[in-house]
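File shown: my_file-v6.txt (compact mmCIF, C-alpha atoms).
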# COMPACT_ATOMS: atom_id res chain seq x y z
CA MET A 25 119.46 123.33 -99.43
CA SER A 26 119.15 120.12 -97.44
CA ARG A 27 116.96 120.66 -94.40
CA ILE A 28 119.06 118.36 -92.24
CA GLY A 29 122.40 119.28 -93.83
CA LYS A 30 122.08 123.01 -93.13
CA ILE A 31 121.71 122.51 -89.36
CA PRO A 32 125.14 123.02 -87.72
CA VAL A 33 126.51 120.27 -85.47
CA LYS A 34 127.16 121.43 -81.90
CA VAL A 35 130.41 120.11 -80.42
CA PRO A 36 130.36 119.83 -76.59
CA GLN A 37 133.34 120.48 -74.33
CA GLY A 38 135.94 117.69 -74.30
CA VAL A 39 135.20 116.48 -77.84
CA LYS A 40 137.81 116.93 -80.61
CA VAL A 41 136.88 116.69 -84.28
CA ASN A 42 139.49 116.40 -87.08
CA PHE A 43 139.06 116.24 -90.86
CA LEU A 44 142.11 114.82 -92.64
CA GLU A 45 142.37 113.26 -96.12
CA GLY A 46 138.71 112.30 -96.42
CA ILE A 47 138.38 110.87 -92.89
CA ILE A 48 136.45 112.34 -89.96
CA THR A 49 137.96 111.54 -86.56
CA VAL A 50 135.97 112.30 -83.41
CA GLU A 51 137.55 111.82 -79.96
CA GLY A 52 135.73 112.25 -76.68
CA PRO A 53 135.59 111.01 -73.10
CA LYS A 54 133.93 107.69 -74.09
CA GLY A 55 136.19 106.80 -77.03
CA LYS A 56 137.21 107.49 -80.61
CA LEU A 57 135.26 107.04 -83.89
CA THR A 58 136.34 107.44 -87.52
CA GLN A 59 134.32 107.73 -90.74
CA LYS A 60 135.29 108.24 -94.39
CA TYR A 61 133.49 110.98 -96.29
CA HIS A 62 133.02 111.97 -99.93
CA PRO A 63 135.16 114.91 -101.20
CA CYS A 64 132.08 116.79 -102.47
CA ILE A 65 131.21 117.63 -98.84
CA SER A 66 133.23 120.13 -96.80
CA PHE A 67 133.26 120.74 -93.04
CA GLU A 68 133.99 124.17 -91.53
CA PRO A 69 134.53 124.48 -87.77
CA GLN A 70 133.09 127.76 -86.44
CA GLY A 71 133.65 128.06 -82.70
CA GLU A 72 131.67 125.34 -80.94
CA GLU A 73 129.79 124.37 -84.11
CA ILE A 74 130.63 122.66 -87.39
CA VAL A 75 128.89 123.80 -90.57
CA ILE A 76 128.58 121.29 -93.40
CA SER A 77 128.45 122.51 -97.02
CA ARG A 78 128.39 120.87 -100.43
CA ALA A 79 130.20 121.55 -103.69
CA ASP A 80 127.30 121.40 -106.17
CA GLU A 81 123.56 120.85 -106.51
CA GLN A 82 123.50 117.29 -107.89
CA LYS A 83 120.99 114.87 -106.39
CA GLN A 84 123.68 112.53 -104.99
CA THR A 85 125.58 115.45 -103.44
CA LYS A 86 122.40 116.69 -101.74
CA ALA A 87 121.88 113.21 -100.31
CA PHE A 88 125.48 113.12 -99.03
CA HIS A 89 124.97 116.55 -97.42
CA GLY A 90 122.27 115.32 -95.03
CA LEU A 91 123.92 111.91 -94.57
CA TYR A 92 127.31 113.19 -93.43
CA ARG A 93 125.73 115.83 -91.20
CA ASN A 94 123.77 113.12 -89.37
CA LEU A 95 126.76 110.74 -89.24
CA LEU A 96 128.92 113.50 -87.72
CA ASN A 97 126.17 114.39 -85.22
CA ASN A 98 125.81 110.72 -84.20
CA MET A 99 129.58 110.40 -83.76
CA VAL A 100 129.75 113.52 -81.56
CA THR A 101 126.78 112.33 -79.48
CA GLY A 102 128.27 108.82 -79.21
CA VAL A 103 131.68 109.86 -77.87
CA SER A 104 130.15 112.35 -75.43
CA ALA A 105 126.95 110.66 -74.15
CA GLY A 106 126.76 107.25 -75.86
CA PHE A 107 123.77 105.31 -77.14
CA SER A 108 121.70 102.52 -75.59
CA LYS A 109 118.76 100.32 -76.50
CA THR A 110 116.71 98.32 -74.03
CA LEU A 111 115.11 95.01 -74.96
CA VAL A 112 112.35 93.40 -72.89
CA ILE A 113 112.03 89.61 -72.80
CA SER A 114 108.54 88.39 -71.97
CA GLY A 115 107.37 84.81 -71.65
CA VAL A 116 107.27 82.04 -69.07
CA GLY A 117 110.82 80.83 -68.42
CA TYR A 118 112.38 83.34 -70.84
CA LYS A 119 115.51 84.93 -69.40
CA ALA A 120 118.88 86.39 -70.33
CA ASP A 121 122.27 86.46 -68.62
CA VAL A 122 125.72 87.82 -69.49
CA GLN A 123 128.66 85.43 -69.07
CA GLY A 124 131.91 87.16 -69.99
CA LYS A 125 131.66 88.12 -73.68
CA LEU A 126 128.55 86.00 -74.26
CA LEU A 127 124.86 86.80 -73.93
CA VAL A 128 123.11 83.58 -72.85
CA MET A 129 119.35 83.47 -73.42
CA SER A 130 116.70 80.90 -72.63
CA LEU A 131 113.86 81.56 -75.08
CA GLY A 132 111.69 78.47 -74.96
CA PHE A 133 113.82 76.38 -77.31
CA SER A 134 115.34 73.04 -76.27
CA ASN A 135 118.81 74.63 -75.89
CA ASP A 136 120.02 77.98 -74.65
CA ILE A 137 121.10 80.53 -77.24
CA TYR A 138 124.62 81.99 -76.99
CA VAL A 139 125.29 85.33 -78.71
CA GLY A 140 128.80 86.83 -78.84
CA ILE A 141 128.99 90.46 -77.74
CA PRO A 142 130.97 92.54 -80.29
CA GLU A 143 133.95 94.71 -79.32
CA GLY A 144 132.93 98.23 -78.34
CA LEU A 145 129.54 97.24 -76.93
CA SER A 146 128.50 96.54 -73.36
CA VAL A 147 125.47 94.43 -72.53
CA ALA A 148 123.73 94.28 -69.16
CA ALA A 149 120.98 91.79 -68.35
CA GLU A 150 118.74 92.45 -65.35
CA GLY A 151 115.81 90.07 -65.03
CA SER A 152 113.75 90.40 -68.17
CA LYS A 153 115.57 93.51 -69.49
CA VAL A 154 118.67 93.52 -71.67
CA THR A 155 120.43 96.87 -72.19
CA VAL A 156 122.84 97.25 -75.12
CA SER A 157 125.05 100.34 -74.96
CA GLY A 158 128.03 101.73 -76.85
CA ILE A 159 129.39 104.77 -78.70
CA ASP A 160 128.53 103.69 -82.27
CA LYS A 161 124.80 104.14 -82.96
CA GLN A 162 124.80 101.80 -85.94
CA GLN A 163 126.53 99.00 -84.03
CA VAL A 164 124.18 99.33 -81.02
CA GLY A 165 121.09 99.24 -83.24
CA GLU A 166 122.34 96.33 -85.35
CA PHE A 167 123.19 94.15 -82.34
CA ALA A 168 119.84 94.93 -80.67
CA ALA A 169 118.02 94.01 -83.90
CA GLN A 170 119.92 90.71 -84.18
CA VAL A 171 119.02 89.79 -80.59
CA ARG A 172 115.36 90.74 -81.17
CA LYS A 173 115.29 88.59 -84.32
CA LEU A 174 116.06 85.45 -82.28
CA ARG A 175 112.50 85.41 -80.89
CA LYS A 176 110.25 88.13 -82.35
CA PRO A 177 107.20 89.07 -80.26
CA GLU A 178 104.11 87.16 -81.31
CA PRO A 179 100.70 88.88 -81.46
CA TYR A 180 98.58 86.41 -79.45
CA LYS A 181 100.29 86.16 -76.06
CA GLY A 182 103.00 88.81 -76.59
CA LYS A 183 105.83 86.36 -75.87
CA GLY A 184 109.26 87.13 -77.30
CA ILE A 185 111.84 89.91 -77.36
CA ARG A 186 110.72 93.47 -78.03
CA TYR A 187 112.15 96.96 -77.67
CA GLU A 188 111.22 98.77 -74.46
CA ASN A 189 109.11 101.43 -76.19
CA GLU A 190 107.65 99.09 -78.85
CA GLN A 191 103.90 98.50 -78.93
CA ILE A 192 102.78 94.98 -79.96
CA ARG A 193 99.43 94.79 -81.72
CA ARG A 194 97.57 92.01 -79.98
CA LYS A 195 95.16 89.72 -81.80
CA VAL A 196 92.16 87.88 -80.45
CA GLY A 197 92.50 84.08 -80.64
CA LYS A 198 90.13 81.64 -82.34
CA SER A 199 87.90 81.22 -79.30
CA GLY A 200 87.56 85.00 -78.81
CA VAL A 201 85.60 85.58 -82.04
CA LYS A 202 82.00 84.35 -82.16

Show me the file's structure as C-alpha cells.
Amino acid sequence: MSRIGKIPVKVPQGVKVNFLEGIITVEGPKGKLTQKYHPCISFEPQGEEIVISRADEQKQTKAFHGLYRNLLNNMVTGVSAGFSKTLVISGVGYKADVQGKLLVMSLGFSNDIYVGIPEGLSVAAEGSKVTVSGIDKQQVGEFAAQVRKLRKPEPYKGKGIRYENEQIRRKVGKSGVK
C-alpha cells in the first residue's frame, strides 16, 4: 500500500468535492479547481474525509495512488487556505514593484525587467520582499521559480533573488584565501 496514498484527505467546512467522469472538482471560499484523474484510482467520501483506493497492484497504479492523493490534498488546502511563497531581493539598488498586472524589477541590469502576473495569482511587493500567493500550488511555485531565475543568488556577496527560507552557501573571495 502506498504510504502517502493510504492517508485520508480531510475536507474542512465550506469545501465541496465532486468526482464526475474522471474529473475532480473542488470548490471552496477562495475559488474553484479542477483536475483530471486516471480511472484506476477511486475516491470514496466518508464523512469529513476522502479515502483514495486503487484498482490493482501495478507499479504505475501505485504511483498514481500517491500522486492523486497529494493533488487532491493540495486542491483542498488551496481553496480553503491558499498557498504563498516569499522571495527576498538583496543587492544595492535591487527593488521590485507591482504596476497593475506587471511585476517591475530593477535587478542591476541596464533596463528594468517586466514580468506579467498570470491569472489566478496575486503578487505583493513590499521593499525587498515579493510575496506570490494563489490557490494553485503548482502555479504559485512555478511563477516564484521563474522570478527567482531572473537573477539567481550568487555565492560571493549574496546578491540576487532567493526564497525567504533559503540558505545561500557563501564562498570566500580570492583575497580571503592565503

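The space between atom CA of Phe133 of chain A and atom CA of Gly151 of chain A spans 18.5 Å.
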
message: With only C-alpha atoms as the counted atoms, please give the residues lying no more than 10 Å from Leu91 of chain A, apart from itself and same-chain residues fewer than 6 positions off, as a ChimeraX atom specification.
response: /A:26,28-29,61,85,97

query: In terms of the shortest atom-to-atom distance over all atoms listed in the file, which of A:Ile31, A:Leu57, A:Ala149, A:Cys64 is closest to Arg78 of chain A?
result: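 Checking each of A:Ile31, A:Leu57, A:Ala149, A:Cys64 against Arg78 of chain A, counting all atoms listed in the file, the winner is A:Cys64.
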
message: So that I can see what lies close to Leu126 of chain A, please list as a PyMOL selection string the residues with an atom at most 7 Å from it, counting only C-alpha atoms and leaving out residues fewer than 5 positions away in the same chain.
response: chain A and resi 138-141

- request: Work out how far apart atom CA of Thr101 of chain A and atom CA of Pro69 of chain A are and give it in Å to one decimal.
  value: 16.6 Å

message: Show me, as a PyMOL selection string, the residues that have an atom within 9 Å of segment 104-120 of chain A when counting all atoms listed in the file, minus same-chain residues fewer than 5 positions from it.
response: chain A and resi 36-39+51-55+99+127-132+149-161+164-165+168+171-172+177+181-189

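Take atom CA of Val50 of chain A and atom CA of Val100 of chain A: the distance between them is 6.6 Å.
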
message: Using all atoms listed in the file for the distances, tell me which of A:Val35, A:Val147, A:Val196, A:Leu174 is nearest to Asn98 of chain A.
response: A:Val35

Got a minute to add N, CA, C and O atoms to segment 70-81 of chain A and dump it as a PDB file, keeping the file's coordinate frame?
ATOM      1  N   GLN A  70     133.341 126.357 -86.778  1.00  0.00           N
ATOM      2  CA  GLN A  70     133.090 127.760 -86.440  1.00  0.00           C
ATOM      3  C   GLN A  70     132.788 127.836 -84.951  1.00  0.00           C
ATOM      4  O   GLN A  70     131.644 127.694 -84.529  1.00  0.00           O
ATOM      5  N   GLY A  71     133.823 128.017 -84.150  1.00  0.00           N
ATOM      6  CA  GLY A  71     133.650 128.060 -82.700  1.00  0.00           C
ATOM      7  C   GLY A  71     133.291 126.698 -82.153  1.00  0.00           C
ATOM      8  O   GLY A  71     134.046 125.743 -82.308  1.00  0.00           O
ATOM      9  N   GLU A  72     132.130 126.605 -81.507  1.00  0.00           N
ATOM     10  CA  GLU A  72     131.670 125.340 -80.940  1.00  0.00           C
ATOM     11  C   GLU A  72     130.705 124.613 -81.869  1.00  0.00           C
ATOM     12  O   GLU A  72     129.997 123.722 -81.436  1.00  0.00           O
ATOM     13  N   GLU A  73     130.654 125.010 -83.142  1.00  0.00           N
ATOM     14  CA  GLU A  73     129.790 124.370 -84.110  1.00  0.00           C
ATOM     15  C   GLU A  73     130.574 124.002 -85.360  1.00  0.00           C
ATOM     16  O   GLU A  73     131.622 124.575 -85.626  1.00  0.00           O
ATOM     17  N   ILE A  74     130.045 123.031 -86.107  1.00  0.00           N
ATOM     18  CA  ILE A  74     130.630 122.660 -87.390  1.00  0.00           C
ATOM     19  C   ILE A  74     129.541 122.805 -88.441  1.00  0.00           C
ATOM     20  O   ILE A  74     128.452 122.241 -88.307  1.00  0.00           O
ATOM     21  N   VAL A  75     129.838 123.573 -89.481  1.00  0.00           N
ATOM     22  CA  VAL A  75     128.890 123.800 -90.570  1.00  0.00           C
ATOM     23  C   VAL A  75     129.300 122.911 -91.737  1.00  0.00           C
ATOM     24  O   VAL A  75     130.467 122.866 -92.135  1.00  0.00           O
ATOM     25  N   ILE A  76     128.327 122.213 -92.295  1.00  0.00           N
ATOM     26  CA  ILE A  76     128.580 121.290 -93.400  1.00  0.00           C
ATOM     27  C   ILE A  76     128.049 121.954 -94.675  1.00  0.00           C
ATOM     28  O   ILE A  76     126.933 122.472 -94.700  1.00  0.00           O
ATOM     29  N   SER A  77     128.872 121.936 -95.736  1.00  0.00           N
ATOM     30  CA  SER A  77     128.450 122.510 -97.020  1.00  0.00           C
ATOM     31  C   SER A  77     128.788 121.542 -98.133  1.00  0.00           C
ATOM     32  O   SER A  77     129.615 120.641 -97.967  1.00  0.00           O
ATOM     33  N   ARG A  78     128.157 121.757 -99.300  1.00  0.00           N
ATOM     34  CA  ARG A  78     128.390 120.870-100.430  1.00  0.00           C
ATOM     35  C   ARG A  78     128.910 121.650-101.619  1.00  0.00           C
ATOM     36  O   ARG A  78     128.728 122.866-101.723  1.00  0.00           O
ATOM     37  N   ALA A  79     129.542 120.922-102.556  1.00  0.00           N
ATOM     38  CA  ALA A  79     130.200 121.550-103.690  1.00  0.00           C
ATOM     39  C   ALA A  79     129.239 121.940-104.798  1.00  0.00           C
ATOM     40  O   ALA A  79     129.430 122.966-105.449  1.00  0.00           O
ATOM     41  N   ASP A  80     128.215 121.127-105.062  1.00  0.00           N
ATOM     42  CA  ASP A  80     127.300 121.400-106.170  1.00  0.00           C
ATOM     43  C   ASP A  80     125.876 121.023-105.790  1.00  0.00           C
ATOM     44  O   ASP A  80     125.609 120.676-104.642  1.00  0.00           O
ATOM     45  N   GLU A  81     124.977 121.088-106.764  1.00  0.00           N
ATOM     46  CA  GLU A  81     123.560 120.850-106.510  1.00  0.00           C
ATOM     47  C   GLU A  81     123.057 119.536-107.119  1.00  0.00           C
ATOM     48  O   GLU A  81     121.867 119.402-107.390  1.00  0.00           O
TER      49      GLU A  81
END
